[in-house]
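Next up, run_8.cif (mmCIF, C-alpha atoms):
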```
data_structure
#
loop_
_atom_site.label_atom_id
_atom_site.label_comp_id
_atom_site.auth_asym_id
_atom_site.auth_seq_id
_atom_site.Cartn_x
_atom_site.Cartn_y
_atom_site.Cartn_z
CA PHE A 109 103.60 122.09 115.98
CA LYS A 110 99.97 121.62 114.95
CA LEU A 111 98.58 122.73 111.60
CA SER A 112 95.22 124.49 111.45
CA ALA A 113 92.29 122.66 109.87
CA ARG A 114 92.55 124.70 106.67
CA ASP A 115 96.32 124.75 106.38
CA PRO A 116 97.22 123.95 102.73
CA LYS A 117 99.81 121.38 103.79
CA ARG A 118 97.31 119.55 106.00
CA VAL A 119 94.59 119.70 103.34
CA SER A 120 97.01 118.37 100.71
CA TYR A 121 98.09 115.41 102.86
CA LEU A 122 94.55 114.48 103.83
CA THR A 123 93.24 114.90 100.28
CA THR A 124 96.02 112.65 98.96
CA LEU A 125 95.19 110.04 101.60
CA ALA A 126 91.43 110.23 100.94
CA LEU A 127 91.88 109.89 97.18
CA ALA A 128 94.24 106.94 97.66
CA CYS A 129 91.63 105.22 99.83
CA GLN A 130 89.23 105.34 96.89
CA ASP A 131 91.70 103.35 94.81
CA CYS A 132 93.16 99.86 95.10
CA GLN A 133 95.49 98.69 97.86
CA GLN A 134 98.60 99.17 95.70
CA VAL A 135 97.83 102.86 95.27
CA GLN A 136 96.99 103.19 98.97
CA ALA A 137 100.29 101.60 100.01
CA ARG A 138 102.29 103.75 97.60
CA GLU A 139 100.66 107.00 98.74
CA ILE A 140 100.98 106.16 102.44
CA LEU A 141 104.67 105.42 101.90
CA ARG A 142 105.08 108.70 100.00
CA LEU A 143 103.32 110.69 102.73
CA TYR A 144 105.48 109.04 105.37
CA SER A 145 108.60 109.89 103.37
CA ASP A 146 107.43 113.48 102.92
CA LEU A 147 106.66 113.88 106.61
CA THR A 148 109.94 112.40 107.81
CA ALA A 149 112.37 113.76 105.18
CA GLN A 150 113.60 116.46 107.57
CA SER A 151 115.75 113.98 109.49
CA THR A 152 117.55 112.48 106.49
CA THR A 153 120.95 113.43 105.14
CA PHE A 154 121.34 115.98 102.38
CA GLU A 155 122.33 113.20 99.95
CA MET A 156 119.18 111.21 100.80
CA GLN A 157 117.04 114.31 100.39
CA LEU A 158 118.51 114.93 96.93
CA ALA A 159 117.83 111.33 95.93
CA TYR A 160 114.27 111.63 97.22
CA THR A 161 113.63 114.73 95.06
CA LEU A 162 114.25 112.52 92.03
CA VAL A 163 111.60 109.97 93.02
CA ARG A 164 108.66 111.96 91.67
CA ILE A 165 110.49 112.74 88.43
CA LYS A 166 111.29 109.04 88.00
CA GLU A 167 107.68 108.09 88.79
CA ALA A 168 106.39 110.61 86.23
CA ALA A 169 108.72 109.15 83.59
CA LEU A 170 107.51 105.65 84.44
CA HIS A 171 103.87 106.75 84.19
CA ARG A 172 104.55 108.23 80.73
CA PHE A 173 106.23 104.96 79.69
CA ILE A 174 103.23 102.96 80.93
CA ALA A 175 100.78 105.22 79.10
CA LYS A 176 102.72 104.83 75.87
CA ARG A 177 103.22 101.07 76.14
CA HIS A 178 99.80 100.22 77.62
CA PRO A 179 97.32 102.72 76.13
CA MET A 180 94.28 101.01 77.71
CA CYS A 181 95.73 100.96 81.25
CA ASP A 182 93.46 103.72 82.56
CA LEU A 183 90.23 101.95 81.69
CA ASP A 184 88.28 100.48 84.60
CA HIS A 185 87.91 96.81 85.50
CA THR A 186 84.88 96.39 83.23
CA HIS A 187 87.09 96.98 80.19
CA VAL A 188 90.51 95.57 81.15
CA ASN A 189 91.80 93.00 83.61
CA PRO A 190 93.25 94.30 86.90
CA TRP A 191 96.78 93.29 85.87
CA GLN A 192 96.38 95.51 82.80
CA GLN A 193 95.50 98.57 84.89
CA ARG A 194 98.00 101.35 85.62
CA ALA A 195 98.34 100.73 89.39
CA HIS A 196 99.32 97.08 88.92
CA LEU A 197 101.47 97.74 85.84
CA PHE A 198 103.28 100.41 87.85
CA SER A 199 103.95 97.81 90.56
CA GLY A 200 105.25 95.38 87.96
CA TYR A 201 107.68 97.90 86.53
CA VAL A 202 108.79 99.03 90.01
CA ALA A 203 109.47 95.37 90.87
CA LEU A 204 111.39 94.97 87.60
CA LEU A 205 113.46 98.09 88.25
CA GLY A 206 114.15 97.12 91.86
CA GLU A 207 115.78 99.12 94.63
CA GLY A 208 118.70 100.20 92.45
CA PHE A 209 116.60 102.61 90.40
CA GLY A 210 115.60 104.56 93.52
CA LEU A 211 111.82 104.33 93.46
CA ASP A 212 109.76 103.99 96.62
CA GLY A 213 107.58 100.98 97.24
CA VAL A 214 109.58 98.07 95.86
CA ASP A 215 108.43 95.87 98.77
CA PHE A 216 104.79 96.78 98.12
CA ALA A 217 105.26 96.15 94.41
CA LEU A 218 106.73 92.71 95.05
CA HIS A 219 103.59 91.82 97.02
CA ASP A 220 101.05 93.05 94.45
CA ARG A 221 98.50 90.25 94.20
CA PHE A 222 98.50 90.51 90.41
CA LEU A 223 102.29 90.62 90.01
CA ALA A 224 102.55 87.21 88.33
CA LYS A 225 100.04 88.21 85.64
CA VAL A 226 101.54 91.69 85.33
CA ASN A 227 104.91 90.05 84.69
CA LEU A 228 103.33 88.24 81.74
CA GLU A 229 102.09 91.62 80.43
CA ILE A 230 105.52 93.22 80.69
CA GLN A 231 107.77 90.23 80.02
CA ALA A 232 109.06 91.67 76.74
CA VAL A 233 110.55 94.67 78.56
CA ARG A 234 114.20 94.36 79.53
CA ARG A 235 115.30 96.22 82.66
CA ASP A 236 118.34 97.86 81.01
CA VAL A 237 116.26 99.12 78.08
CA LEU A 238 113.58 100.44 80.47
CA VAL A 239 116.17 102.26 82.60
CA ASP A 240 117.70 103.86 79.48
CA GLU A 241 114.29 105.02 78.23
CA LEU A 242 113.27 106.43 81.62
CA GLN A 243 116.57 108.26 82.00
CA ARG A 244 116.21 109.81 78.54
CA ASP A 245 112.70 110.95 79.47
CA MET A 246 113.72 112.67 82.72
CA SER A 247 114.73 116.32 82.56
CA VAL A 248 117.84 117.30 84.52
CA LYS A 249 116.98 120.94 83.90
CA GLU A 250 113.52 120.49 85.45
CA TRP A 251 115.04 118.75 88.49
CA LEU A 252 117.64 121.49 89.01
CA GLN A 253 115.02 124.23 88.64
CA THR A 254 112.87 122.49 91.25
CA LEU A 255 115.83 122.29 93.64
CA LEU A 256 116.77 125.94 93.08
CA ALA A 257 113.20 127.09 93.63
CA ASP A 258 113.03 125.10 96.86
CA ILE A 259 116.38 126.33 98.18
CA ASN A 260 115.74 129.96 97.19
CA ASN A 261 112.21 130.08 98.63
CA GLN A 262 112.44 132.49 101.56
CA SER A 263 109.12 131.59 103.20
CA SER A 264 109.47 129.97 106.61
CA THR A 265 106.12 128.16 106.26
CA THR A 266 106.67 126.48 102.91
CA GLU A 267 106.83 122.72 102.53
CA ARG A 268 110.40 121.98 101.51
CA LEU A 269 112.02 119.24 99.47
CA ILE A 270 115.40 119.95 101.04
CA ASN A 271 115.83 120.76 104.72
CA ARG A 272 117.80 124.04 104.65
CA GLY A 273 119.50 123.03 107.88
CA SER A 274 121.24 120.19 106.04
CA ILE A 275 122.75 122.62 103.53
CA PHE A 276 124.06 125.37 105.80
#
```
Will you turn the file into C-alpha coordinates for me?
Amino acid sequence: FKLSARDPKRVSYLTTLALACQDCQQVQAREILRLYSDLTAQSTTFEMQLAYTLVRIKEAALHRFIAKRHPMCDLDHTHVNPWQQRAHLFSGYVALLGEGFGLDGVDFALHDRFLAKVNLEIQAVRRDVLVDELQRDMSVKEWLQTLLADINNQSSTTERLINRGSIF
(Lines of atoms letter the chains of each structure in order from A and count residues from 1; the text may use other names and numbers.)
(Lines give C-alpha, C1' and ligand atoms only; values in the text may rest on other atoms or scores of the structure.)
Protein backbone atom coordinates (compact mmCIF):
# COMPACT_ATOMS: atom_id res chain seq x y z
CA PHE A 1 0.00 0.00 0.00
CA LYS A 2 1.63 3.23 -1.18
CA LEU A 3 0.45 6.67 -0.12
CA SER A 4 0.17 9.44 -2.72
CA ALA A 5 2.62 12.34 -2.52
CA ARG A 6 -0.02 14.64 -1.03
CA ASP A 7 -1.62 12.15 1.33
CA PRO A 8 -2.07 13.90 4.73
CA LYS A 9 -0.57 10.94 6.59
CA ARG A 10 2.54 10.94 4.40
CA VAL A 11 2.89 14.73 4.61
CA SER A 12 2.54 14.60 8.40
CA TYR A 13 5.22 11.92 8.80
CA LEU A 14 7.68 13.65 6.48
CA THR A 15 7.03 17.08 8.02
CA THR A 16 7.64 15.67 11.50
CA LEU A 17 10.88 14.07 10.31
CA ALA A 18 12.05 17.23 8.51
CA LEU A 19 11.35 19.43 11.54
CA ALA A 20 13.14 16.98 13.83
CA CYS A 21 16.19 17.11 11.55
CA GLN A 22 16.38 20.86 12.16
CA ASP A 23 16.72 20.22 15.89
CA CYS A 24 19.32 18.47 18.03
CA GLN A 25 20.05 14.74 17.96
CA GLN A 26 17.92 14.07 21.04
CA VAL A 27 14.83 15.46 19.31
CA GLN A 28 15.69 13.57 16.12
CA ALA A 29 16.03 10.27 17.98
CA ARG A 30 12.79 10.81 19.89
CA GLU A 31 10.79 11.67 16.75
CA ILE A 32 12.23 8.79 14.73
CA LEU A 33 11.31 6.41 17.56
CA ARG A 34 7.80 7.90 17.71
CA LEU A 35 7.34 7.58 13.94
CA TYR A 36 8.53 3.99 14.06
CA SER A 37 6.10 3.26 16.89
CA ASP A 38 3.27 4.93 14.98
CA LEU A 39 4.03 3.01 11.80
CA THR A 40 4.32 -0.37 13.49
CA ALA A 41 1.56 -0.11 16.13
CA GLN A 42 -0.81 -2.22 14.03
CA SER A 43 0.98 -5.44 15.00
CA THR A 44 0.94 -4.89 18.77
CA THR A 45 -1.55 -6.25 21.26
CA PHE A 46 -4.59 -4.28 22.31
CA GLU A 47 -3.04 -3.72 25.76
CA MET A 48 0.16 -2.35 24.21
CA GLN A 49 -1.85 -0.08 21.93
CA LEU A 50 -3.74 1.32 24.92
CA ALA A 51 -0.49 1.96 26.76
CA TYR A 52 0.94 3.67 23.68
CA THR A 53 -2.05 6.05 23.49
CA LEU A 54 -0.99 7.36 26.90
CA VAL A 55 2.55 8.20 25.78
CA ARG A 56 1.63 11.52 24.16
CA ILE A 57 -0.50 12.54 27.13
CA LYS A 58 2.39 11.72 29.48
CA GLU A 59 4.83 13.62 27.26
CA ALA A 60 2.54 16.66 27.21
CA ALA A 61 2.33 16.60 31.02
CA LEU A 62 6.12 16.36 31.23
CA HIS A 63 6.52 19.29 28.84
CA ARG A 64 4.17 21.39 30.99
CA PHE A 65 6.18 20.42 34.08
CA ILE A 66 9.43 21.43 32.35
CA ALA A 67 7.98 24.76 31.24
CA LYS A 68 6.84 25.52 34.77
CA ARG A 69 10.05 24.43 36.48
CA HIS A 70 12.49 25.74 33.85
CA PRO A 71 10.91 28.89 32.38
CA MET A 72 13.99 29.73 30.26
CA CYS A 73 14.25 26.26 28.66
CA ASP A 74 12.98 27.40 25.26
CA LEU A 75 15.65 30.04 24.76
CA ASP A 76 18.37 29.22 22.24
CA HIS A 77 21.99 28.34 22.98
CA THR A 78 23.06 31.99 22.99
CA HIS A 79 20.98 32.58 26.12
CA VAL A 80 21.10 29.27 28.03
CA ASN A 81 23.42 26.29 28.17
CA PRO A 82 22.42 23.19 26.16
CA TRP A 83 21.69 21.23 29.35
CA GLN A 84 19.19 23.94 30.29
CA GLN A 85 17.27 23.59 27.03
CA ARG A 86 13.98 21.71 26.77
CA ALA A 87 15.23 18.79 24.61
CA HIS A 88 17.98 17.89 27.07
CA LEU A 89 15.86 18.55 30.16
CA PHE A 90 13.22 16.27 28.66
CA SER A 91 15.87 13.57 28.28
CA GLY A 92 16.94 14.05 31.89
CA TYR A 93 13.41 13.66 33.20
CA VAL A 94 12.74 10.66 30.93
CA ALA A 95 15.92 9.05 32.30
CA LEU A 96 14.79 9.86 35.85
CA LEU A 97 11.34 8.39 35.26
CA GLY A 98 12.73 5.28 33.56
CA GLU A 99 10.91 2.52 31.72
CA GLY A 100 8.31 2.08 34.46
CA PHE A 101 6.54 5.34 33.63
CA GLY A 102 5.89 4.21 30.06
CA LEU A 103 7.58 6.91 28.01
CA ASP A 104 9.40 6.17 24.78
CA GLY A 105 13.08 6.87 24.37
CA VAL A 106 14.58 5.95 27.74
CA ASP A 107 17.64 4.46 26.00
CA PHE A 108 18.13 7.64 23.96
CA ALA A 109 17.68 9.74 27.08
CA LEU A 110 20.30 7.76 28.96
CA HIS A 111 22.77 8.52 26.16
CA ASP A 112 22.11 12.27 25.95
CA ARG A 113 25.56 13.85 25.85
CA PHE A 114 24.49 16.49 28.37
CA LEU A 115 22.81 14.07 30.79
CA ALA A 116 25.38 14.53 33.58
CA LYS A 117 24.88 18.31 33.56
CA VAL A 118 21.12 17.96 33.15
CA ASN A 119 21.10 15.75 36.25
CA LEU A 120 22.68 18.63 38.16
CA GLU A 121 19.87 20.91 36.91
CA ILE A 122 17.14 18.51 38.02
CA GLN A 123 18.77 16.93 41.07
CA ALA A 124 16.26 18.46 43.47
CA VAL A 125 13.39 16.59 41.78
CA ARG A 126 12.44 13.28 43.34
CA ARG A 127 11.05 10.62 41.01
CA ASP A 128 8.01 9.82 43.20
CA VAL A 129 7.06 13.50 43.50
CA LEU A 130 7.48 13.97 39.72
CA VAL A 131 5.30 10.93 38.96
CA ASP A 132 2.58 12.21 41.32
CA GLU A 133 2.61 15.67 39.73
CA LEU A 134 2.51 14.29 36.18
CA GLN A 135 -0.34 11.94 37.03
CA ARG A 136 -2.34 14.79 38.56
CA ASP A 137 -1.77 16.84 35.40
CA MET A 138 -2.99 14.14 33.00
CA SER A 139 -6.66 14.06 32.12
CA VAL A 140 -8.34 10.64 32.13
CA LYS A 141 -11.38 12.21 30.51
CA GLU A 142 -9.27 13.57 27.63
CA TRP A 143 -7.65 10.14 27.14
CA LEU A 144 -11.00 8.33 27.10
CA GLN A 145 -12.49 10.86 24.67
CA THR A 146 -9.51 10.35 22.37
CA LEU A 147 -9.97 6.58 22.50
CA LEU A 148 -13.72 6.82 21.86
CA ALA A 149 -13.21 9.17 18.93
CA ASP A 150 -10.65 6.78 17.44
CA ILE A 151 -12.79 3.67 17.93
CA ASN A 152 -15.98 5.34 16.69
CA ASN A 153 -14.38 6.89 13.60
CA GLN A 154 -15.97 5.08 10.66
CA SER A 155 -13.49 6.19 7.99
CA SER A 156 -11.42 3.38 6.52
CA THR A 157 -8.57 5.74 5.60
CA THR A 158 -8.02 7.39 8.97
CA GLU A 159 -4.82 6.99 10.94
CA ARG A 160 -5.80 5.02 14.03
CA LEU A 161 -4.45 4.86 17.56
CA ILE A 162 -6.07 1.47 18.11
CA ASN A 163 -6.16 -1.24 15.45
CA ARG A 164 -9.87 -2.10 15.23
CA GLY A 165 -8.93 -5.69 14.41
CA SER A 166 -7.49 -6.09 17.90
CA ILE A 167 -10.81 -5.08 19.48
CA PHE A 168 -13.28 -7.18 17.48
Pick from A:Thr123, A:Asn227, A:Asn260, A:Thr266: nearest to Phe198 in chain A, with all atoms listed in the file counted?
->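 When distances to Phe198 in chain A are compared using all atoms listed in the file, the smallest one comes from A:Asn227.
When all atoms listed in the file are used to compute distances to Val135 in chain A, the closest of the residues A:Arg194, A:Arg244, A:Lys110, A:Arg268 turns out to be A:Arg194.
The residues returned by the PyMOL selection byres ((chain A and resi 251) around 12) for this structure are A:Leu158, A:Ala159, A:Tyr160, A:Thr161, A:Leu162, A:Val163, A:Arg164, A:Ile165, A:Lys166, A:Met246, A:Ser247, A:Val248, A:Lys249, A:Glu250, A:Leu252, A:Gln253, A:Thr254, A:Leu255, A:Leu256, A:Ala257, A:Asp258, A:Leu269.
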Given the file shown, enumerate the residues that the PyMOL selection byres ((chain A and resi 202) around 8) captures and present them as an NGL selection string.
-> :A and (198-201 or 203-206 or 211 or 213-214 or 217)
All residues 12 Å or closer to Leu125 in chain A, only C-alpha atoms, same chain fewer than 3 positions away omitted, as a ChimeraX atom specification | /A:118-122,128-131,133,135-144
Which one of A:Cys181, A:Ala195, A:Leu242, A:Ile270 sits closest to Phe209 in chain A if you count all atoms listed in the file?
-> A:Leu242
Using all atoms listed in the file, which residue out of A:Gln243, A:Ala168, A:Cys132, A:Arg234 lies closest to Trp191 in chain A?
->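 The closest residue to Trp191 in chain A is A:Cys132.
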Which one is closest to Lys117 in chain A: A:Leu238, A:Leu218, A:Leu147, A:Ala169? Count all atoms listed in the file.
->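 Residue with the minimum atom-to-atom distance to Lys117 in chain A: A:Leu147.
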Mind giving me the straight-line distance from CA of Leu183 in chain A to CA of Ala224 in chain A in Å, one decimal?
->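 If I compute the distance from CA of Leu183 in chain A to CA of Ala224 in chain A, I get 20.3 Å.
Put simply, CA of His187 in chain A is 22.9 Å away from CA of Ala232 in chain A.
Pairwise distance (CA of Ala175 in chain A, CA of Gln231 in chain A) equals 16.6 Å.
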Using all atoms of range 167-182 of chain A that appear in the file, construct an axis-aligned enclosing box with 5 Å of padding on every side and provide its centre coordinates and edge lengths in Å, rounded to one decimal, as lines of an AutoDock Vina configuration file.
```
center_x = 101.1
center_y = 105.4
center_z = 82.3
size_x = 25.3
size_y = 20.4
size_z = 22.9
```
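When all atoms listed in the file are used to compute distances to His219 in chain A, the closest of the residues A:His196, A:Thr148, A:Thr153, A:Asn261 turns out to be A:His196.
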My structure is short of atoms at range 136-155 of chain A; please model N, CA and C atoms there, returning them as a PDB file, keeping the file's coordinate frame.
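Result saved to part_20.pdb:
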```pdb
ATOM      1  N   GLN A 136      97.014 102.779  97.563  1.00  0.00           N
ATOM      2  CA  GLN A 136      96.990 103.190  98.970  1.00  0.00           C
ATOM      3  C   GLN A 136      98.360 103.015  99.604  1.00  0.00           C
ATOM      4  N   ALA A 137      98.976 101.868  99.419  1.00  0.00           N
ATOM      5  CA  ALA A 137     100.290 101.600 100.010  1.00  0.00           C
ATOM      6  C   ALA A 137     101.330 102.585  99.498  1.00  0.00           C
ATOM      7  N   ARG A 138     101.312 102.843  98.197  1.00  0.00           N
ATOM      8  CA  ARG A 138     102.290 103.750  97.600  1.00  0.00           C
ATOM      9  C   ARG A 138     102.133 105.169  98.148  1.00  0.00           C
ATOM     10  N   GLU A 139     100.890 105.635  98.266  1.00  0.00           N
ATOM     11  CA  GLU A 139     100.660 107.000  98.740  1.00  0.00           C
ATOM     12  C   GLU A 139     100.957 107.138 100.228  1.00  0.00           C
ATOM     13  N   ILE A 140     100.644 106.126 101.014  1.00  0.00           N
ATOM     14  CA  ILE A 140     100.980 106.160 102.440  1.00  0.00           C
ATOM     15  C   ILE A 140     102.491 106.205 102.610  1.00  0.00           C
ATOM     16  N   LEU A 141     103.205 105.413 101.834  1.00  0.00           N
ATOM     17  CA  LEU A 141     104.670 105.420 101.900  1.00  0.00           C
ATOM     18  C   LEU A 141     105.213 106.787 101.490  1.00  0.00           C
ATOM     19  N   ARG A 142     104.633 107.384 100.458  1.00  0.00           N
ATOM     20  CA  ARG A 142     105.080 108.700 100.000  1.00  0.00           C
ATOM     21  C   ARG A 142     104.818 109.760 101.076  1.00  0.00           C
ATOM     22  N   LEU A 143     103.629 109.723 101.673  1.00  0.00           N
ATOM     23  CA  LEU A 143     103.320 110.690 102.730  1.00  0.00           C
ATOM     24  C   LEU A 143     104.282 110.520 103.908  1.00  0.00           C
ATOM     25  N   TYR A 144     104.543 109.293 104.281  1.00  0.00           N
ATOM     26  CA  TYR A 144     105.480 109.040 105.370  1.00  0.00           C
ATOM     27  C   TYR A 144     106.861 109.612 105.014  1.00  0.00           C
ATOM     28  N   SER A 145     107.296 109.365 103.797  1.00  0.00           N
ATOM     29  CA  SER A 145     108.600 109.890 103.370  1.00  0.00           C
ATOM     30  C   SER A 145     108.609 111.408 103.388  1.00  0.00           C
ATOM     31  N   ASP A 146     107.520 112.011 102.913  1.00  0.00           N
ATOM     32  CA  ASP A 146     107.430 113.480 102.920  1.00  0.00           C
ATOM     33  C   ASP A 146     107.475 114.030 104.343  1.00  0.00           C
ATOM     34  N   LEU A 147     106.755 113.382 105.238  1.00  0.00           N
ATOM     35  CA  LEU A 147     106.660 113.880 106.610  1.00  0.00           C
ATOM     36  C   LEU A 147     107.933 113.659 107.411  1.00  0.00           C
ATOM     37  N   THR A 148     108.736 112.705 107.032  1.00  0.00           N
ATOM     38  CA  THR A 148     109.940 112.400 107.810  1.00  0.00           C
ATOM     39  C   THR A 148     111.235 112.798 107.112  1.00  0.00           C
ATOM     40  N   ALA A 149     111.163 113.432 105.960  1.00  0.00           N
ATOM     41  CA  ALA A 149     112.370 113.760 105.180  1.00  0.00           C
ATOM     42  C   ALA A 149     113.283 114.734 105.917  1.00  0.00           C
ATOM     43  N   GLN A 150     112.790 115.462 106.888  1.00  0.00           N
ATOM     44  CA  GLN A 150     113.600 116.460 107.570  1.00  0.00           C
ATOM     45  C   GLN A 150     114.778 115.849 108.334  1.00  0.00           C
ATOM     46  N   SER A 151     114.686 114.582 108.687  1.00  0.00           N
ATOM     47  CA  SER A 151     115.750 113.980 109.490  1.00  0.00           C
ATOM     48  C   SER A 151     116.766 113.204 108.654  1.00  0.00           C
ATOM     49  N   THR A 152     116.628 113.229 107.345  1.00  0.00           N
ATOM     50  CA  THR A 152     117.550 112.480 106.490  1.00  0.00           C
ATOM     51  C   THR A 152     118.745 113.337 106.099  1.00  0.00           C
ATOM     52  N   THR A 153     119.752 112.693 105.577  1.00  0.00           N
ATOM     53  CA  THR A 153     120.950 113.430 105.140  1.00  0.00           C
ATOM     54  C   THR A 153     120.640 114.218 103.877  1.00  0.00           C
ATOM     55  N   PHE A 154     121.494 115.167 103.587  1.00  0.00           N
ATOM     56  CA  PHE A 154     121.340 115.980 102.380  1.00  0.00           C
ATOM     57  C   PHE A 154     121.338 115.088 101.141  1.00  0.00           C
ATOM     58  N   GLU A 155     122.247 114.120 101.096  1.00  0.00           N
ATOM     59  CA  GLU A 155     122.330 113.200  99.950  1.00  0.00           C
ATOM     60  C   GLU A 155     121.013 112.432  99.775  1.00  0.00           C
TER      61      GLU A 155
END
```
